[in-house]
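See below for the structure under consideration.
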Amino acid sequence: MNLMKFSRTYLIAVITATQLLLASGAVNSQELPPIPLKKIQKHPIKNAIQVQITPKGMLYFEHKMKTILGNIGFSLDEGYLDEIKWESDKSYDLDQLNVPPEAKDLIQKLRTLLSEWFVGFSLKEVRPAIEIGNSGYIAQLNRFALVTDRSLMAALGKKEGAILALELEIKELTAATNRFRAYDMNNTDLGQVGFDNLSLKIGGGQEPLKIRLPFYITLNNKREIEFQAVQVEQNLDQVDINFQYRELIAPDIKVLIGKKEMTLDKRKLKNEFDARFPEALNKIRNFLADLAEKDLPAFLNKKAKESLQGSIEEINRMDPPGADPTKPTLGFFWGLQLNDINLDEKLSVELNAYVEDPMNITSQPVNTSQARGEARFQKIPTDQYDISMSIDRGMLNRILQLSFERKLFEKITIGDEDPSARKITTCRAQTDPAESETQPKTPKKDQYLKITRAPIIDAVPLGKFGTTESGEGLVKVRVQALVPPGTVTGIQRIALRDNFEVAFDMIAKLKNAPDGGGLKIYLWDIDMDSVWVNPDYLTPVGKLFKGKVMNNIKEEFQKMTALWRCDHTAIPGKLPLPPEILSIKLDIQELEMEQNGQLVMYMNYAKPVTKMNLPARGEK
């Protein structure tokens, strides 16, 4: 019996299928009409993916936040806005405006005077409107950071969720627009006030502008995210503010007494405005400070409530493993649901995940193929890595299950290999010199394996298959199939029927690909204790000498696996892990399939590539 003939091809096909774990938005899938998602029943795996950022990892967001935003196409150093027009959707009673008492008193006196002296004039309610022309800003930042704040959580009595804080220190900020206008929609005949070529400069002196905006994030009972801005801190009262404009815009005011017409002298108005502006600017500074501490949090909370309604969920498509890549295929749906966020020693984000087949909406996931508990993250101390991520084996097994149920794994051809002789390297031991020999291979055409159950991925028994180097990990894959007719030959037919069913645990090693960009999968071993042959395929003689039959089968497996560890037999392709987070590349430091079935990666932020400039020939 020559198991060498079919086993390697099957194992390669099974493991290669797992490469699509995180692949989304497949082209072939998107060529087909969309399927109504409401018709698909979701079967989420709780906390299928967990991400934990250590205090060491959070330092990156404290010192490199500006770089992170730059990577996703957003610049804090400068910005530009198109023309903005805003109109209030309601009118406001002047008596109810939230302005300083002296300003309110001045408005009341002016309104009373105008109402008494001018018949038909009324200024009871206003509906403000503002127009701002093309605008831009330039900023010199000393600091822009995103930090966690456990002490504030304790002070506020928060035991769930997380408090993050944006911290800005701006040496100088200059904002400018070519046009600013303000007017009352209830009294448009009164005209407009404003400025042309207006600029506002904040900072530039010895004291930079400092703003700290903490916000509390948690999930409610409906798993909807809740956002609350708390305790804004700023130092506007200590920062230089400079205001400049080219032209003051004011309504034309004319007074007709008898036949004599008098007009407002706008130059006098400008001089008076400039003389009184330093005092007004100080009031504006205080108003902005009060706005930042009181009204800004309320505004942010209101906008967050409007935009964050409903649970946070992302849905994508993926090509089914085993599908023909040259043909349009109705893809699987896979989705992520934010399940929890917490801050203790680490910032933890937990995500539920599901994979569903729109062509097989009654399919139920196999609970026994999922992890047997949450990830422990105990392999290395938290001060030795930046980010850890766990993936429940149930995600991988669900993908393989759905492909199997579509019969994409029903047959795997093994008879189309090159019939010419091939070289095999035998390796007696890891340190022994390798020997080479040639073995002819003449497989029959149209031979295939018939898969009898979906492959299942799990953890390797602890310590059973040796240790791996740093950044490597072992996993096992339970495979079961009918071997092709003609495998059992000669005298072995006395004990074993042809086309028999066999199952075993294949051990594979995961490690970084030499060229980067993912994890390579290497054949490593077979757990001989796991080899099983369906007793229905044993003849009476075979059942009588079952031990001998099993030993013969295991000998074939041992011959096949003798090359793996020393020959570094790799599966084609690679897993797209680790993923990028906010365009930040990650390097795996340690990798482990925990005994409970969680694939855990311990990662550091990738170091930037060092650029080296070589001089042209002849240069020194």
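Ordering of the structure tokens sets the chain letters (A, B, ...); residue numbers start at 1 within each chain; ligands are numbered from 1 in the order shown.
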
Counting only C-alpha atoms, what is within 10 Å of A:Phe377, bar same-chain residues fewer than 4 positions away, as a ChimeraX atom specification? /A:52,381-382,388-390,592,594,598,600-602

Emit the selected residues as an mmCIF file, in the first residue's frame, including all heavy atoms.
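The resulting file, part_28.cif, is reproduced below:
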data_model
loop_
_atom_site.group_PDB
_atom_site.id
_atom_site.type_symbol
_atom_site.label_atom_id
_atom_site.label_comp_id
_atom_site.auth_asym_id
_atom_site.auth_seq_id
_atom_site.Cartn_x
_atom_site.Cartn_y
_atom_site.Cartn_z
ATOM 1 N N GLN A 52 -5.390 43.143 21.915
ATOM 2 C CA GLN A 52 -4.970 43.790 23.154
ATOM 3 C C GLN A 52 -3.724 44.628 22.887
ATOM 4 O O GLN A 52 -2.743 44.128 22.326
ATOM 5 C CB GLN A 52 -4.678 42.748 24.241
ATOM 6 C CG GLN A 52 -5.906 41.952 24.655
ATOM 7 C CD GLN A 52 -5.678 41.130 25.911
ATOM 8 O OE1 GLN A 52 -4.552 41.009 26.401
ATOM 9 N NE2 GLN A 52 -6.740 40.551 26.451
ATOM 10 N N PRO A 381 5.782 38.173 28.707
ATOM 11 C CA PRO A 381 5.354 39.337 29.491
ATOM 12 C C PRO A 381 4.892 40.479 28.591
ATOM 13 O O PRO A 381 5.354 40.631 27.457
ATOM 14 C CB PRO A 381 6.620 39.726 30.274
ATOM 15 C CG PRO A 381 7.465 38.497 30.280
ATOM 16 C CD PRO A 381 7.187 37.804 28.985
ATOM 17 N N THR A 382 3.982 41.300 29.119
ATOM 18 C CA THR A 382 3.391 42.375 28.321
ATOM 19 C C THR A 382 4.395 43.461 27.941
ATOM 20 O O THR A 382 4.164 44.210 26.995
ATOM 21 C CB THR A 382 2.226 43.027 29.081
ATOM 22 O OG1 THR A 382 2.698 43.487 30.358
ATOM 23 C CG2 THR A 382 1.112 42.038 29.292
ATOM 24 N N SER A 388 -1.189 42.140 20.913
ATOM 25 C CA SER A 388 -1.474 40.712 20.760
ATOM 26 C C SER A 388 -2.847 40.556 20.117
ATOM 27 O O SER A 388 -3.727 41.399 20.293
ATOM 28 C CB SER A 388 -1.426 39.994 22.115
ATOM 29 O OG SER A 388 -2.349 40.568 23.019
ATOM 30 N N MET A 389 -2.994 39.476 19.369
ATOM 31 C CA MET A 389 -4.262 39.187 18.700
ATOM 32 C C MET A 389 -4.537 37.701 18.778
ATOM 33 O O MET A 389 -3.640 36.890 18.558
ATOM 34 C CB MET A 389 -4.227 39.642 17.240
ATOM 35 C CG MET A 389 -5.480 39.258 16.445
ATOM 36 S SD MET A 389 -5.388 39.754 14.696
ATOM 37 C CE MET A 389 -5.585 41.509 14.880
ATOM 38 N N SER A 390 -5.775 37.347 19.099
ATOM 39 C CA SER A 390 -6.170 35.941 19.116
ATOM 40 C C SER A 390 -7.268 35.710 18.083
ATOM 41 O O SER A 390 -8.114 36.578 17.862
ATOM 42 C CB SER A 390 -6.670 35.529 20.507
ATOM 43 O OG SER A 390 -7.904 36.164 20.807
ATOM 44 N N GLU A 592 1.508 31.186 18.925
ATOM 45 C CA GLU A 592 1.127 30.006 19.697
ATOM 46 C C GLU A 592 -0.330 29.643 19.437
ATOM 47 O O GLU A 592 -1.207 30.511 19.422
ATOM 48 C CB GLU A 592 1.316 30.282 21.190
ATOM 49 C CG GLU A 592 0.909 29.122 22.085
ATOM 50 C CD GLU A 592 0.996 29.473 23.558
ATOM 51 O OE1 GLU A 592 0.866 30.673 23.905
ATOM 52 O OE2 GLU A 592 1.192 28.555 24.373
ATOM 53 N N GLU A 594 -2.867 28.101 21.460
ATOM 54 C CA GLU A 594 -3.084 27.710 22.841
ATOM 55 C C GLU A 594 -3.876 26.408 22.909
ATOM 56 O O GLU A 594 -4.629 26.067 21.988
ATOM 57 C CB GLU A 594 -3.818 28.819 23.598
ATOM 58 C CG GLU A 594 -2.993 30.088 23.763
ATOM 59 C CD GLU A 594 -3.700 31.150 24.585
ATOM 60 O OE1 GLU A 594 -4.908 30.968 24.875
ATOM 61 O OE2 GLU A 594 -3.064 32.141 24.949
ATOM 62 N N GLN A 598 -7.091 28.691 20.669
ATOM 63 C CA GLN A 598 -6.956 30.087 20.243
ATOM 64 C C GLN A 598 -5.578 30.278 19.600
ATOM 65 O O GLN A 598 -4.549 29.997 20.216
ATOM 66 C CB GLN A 598 -7.095 31.032 21.438
ATOM 67 C CG GLN A 598 -8.454 31.028 22.112
ATOM 68 C CD GLN A 598 -9.473 31.892 21.385
ATOM 69 O OE1 GLN A 598 -9.178 32.489 20.345
ATOM 70 N NE2 GLN A 598 -10.678 31.966 21.920
ATOM 71 N N VAL A 600 -2.824 32.636 18.843
ATOM 72 C CA VAL A 600 -2.425 33.910 19.444
ATOM 73 C C VAL A 600 -1.118 34.382 18.833
ATOM 74 O O VAL A 600 -0.160 33.611 18.720
ATOM 75 C CB VAL A 600 -2.280 33.785 20.977
ATOM 76 C CG1 VAL A 600 -1.854 35.115 21.578
ATOM 77 C CG2 VAL A 600 -3.608 33.337 21.593
ATOM 78 N N MET A 601 -1.106 35.653 18.437
ATOM 79 C CA MET A 601 0.105 36.276 17.903
ATOM 80 C C MET A 601 0.512 37.424 18.816
ATOM 81 O O MET A 601 -0.321 38.250 19.201
ATOM 82 C CB MET A 601 -0.154 36.801 16.483
ATOM 83 C CG MET A 601 -0.444 35.712 15.459
ATOM 84 S SD MET A 601 -0.996 36.403 13.876
ATOM 85 C CE MET A 601 -2.637 36.967 14.326
ATOM 86 N N TYR A 602 1.791 37.481 19.141
ATOM 87 C CA TYR A 602 2.368 38.572 19.918
ATOM 88 C C TYR A 602 3.224 39.391 18.961
ATOM 89 O O TYR A 602 4.178 38.866 18.374
ATOM 90 C CB TYR A 602 3.207 38.037 21.071
ATOM 91 C CG TYR A 602 2.435 37.150 22.027
ATOM 92 C CD1 TYR A 602 2.263 35.789 21.765
ATOM 93 C CD2 TYR A 602 1.859 37.668 23.185
ATOM 94 C CE1 TYR A 602 1.556 34.969 22.636
ATOM 95 C CE2 TYR A 602 1.145 36.855 24.060
ATOM 96 C CZ TYR A 602 0.997 35.510 23.779
ATOM 97 O OH TYR A 602 0.293 34.698 24.640
#

Just asking: which residues within stretch 327-547 of chain A are alpha helix (DSSP H) according to DSSP, as a list in words?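 In stretch 327-547 of chain A, DSSP puts these residues in alpha helix (DSSP H): Arg393, Gly394, Met395, Leu396, Asn397, Arg398, Ile399, Leu400, Gln401, Leu402, Ser403, Phe404, Glu405, Pro540, Val541, Gly542, Lys543, Leu544, Lys546 and Gly547 of chain A.
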
Which value, in Å to one decimal, gives the distance between atom CA of A:Lys210 and atom CA of A:Leu168?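 We find that atom CA of A:Lys210 and atom CA of A:Leu168 lie 5.7 Å from each other.
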
List the spatial neighbours of A:Glu345 as JSON, numbers by chain - criterion: any atom at most 9 Å away, only C-alpha atoms, same-chain residues fewer than 6 positions off excluded. {"A": [54, 55, 150]}
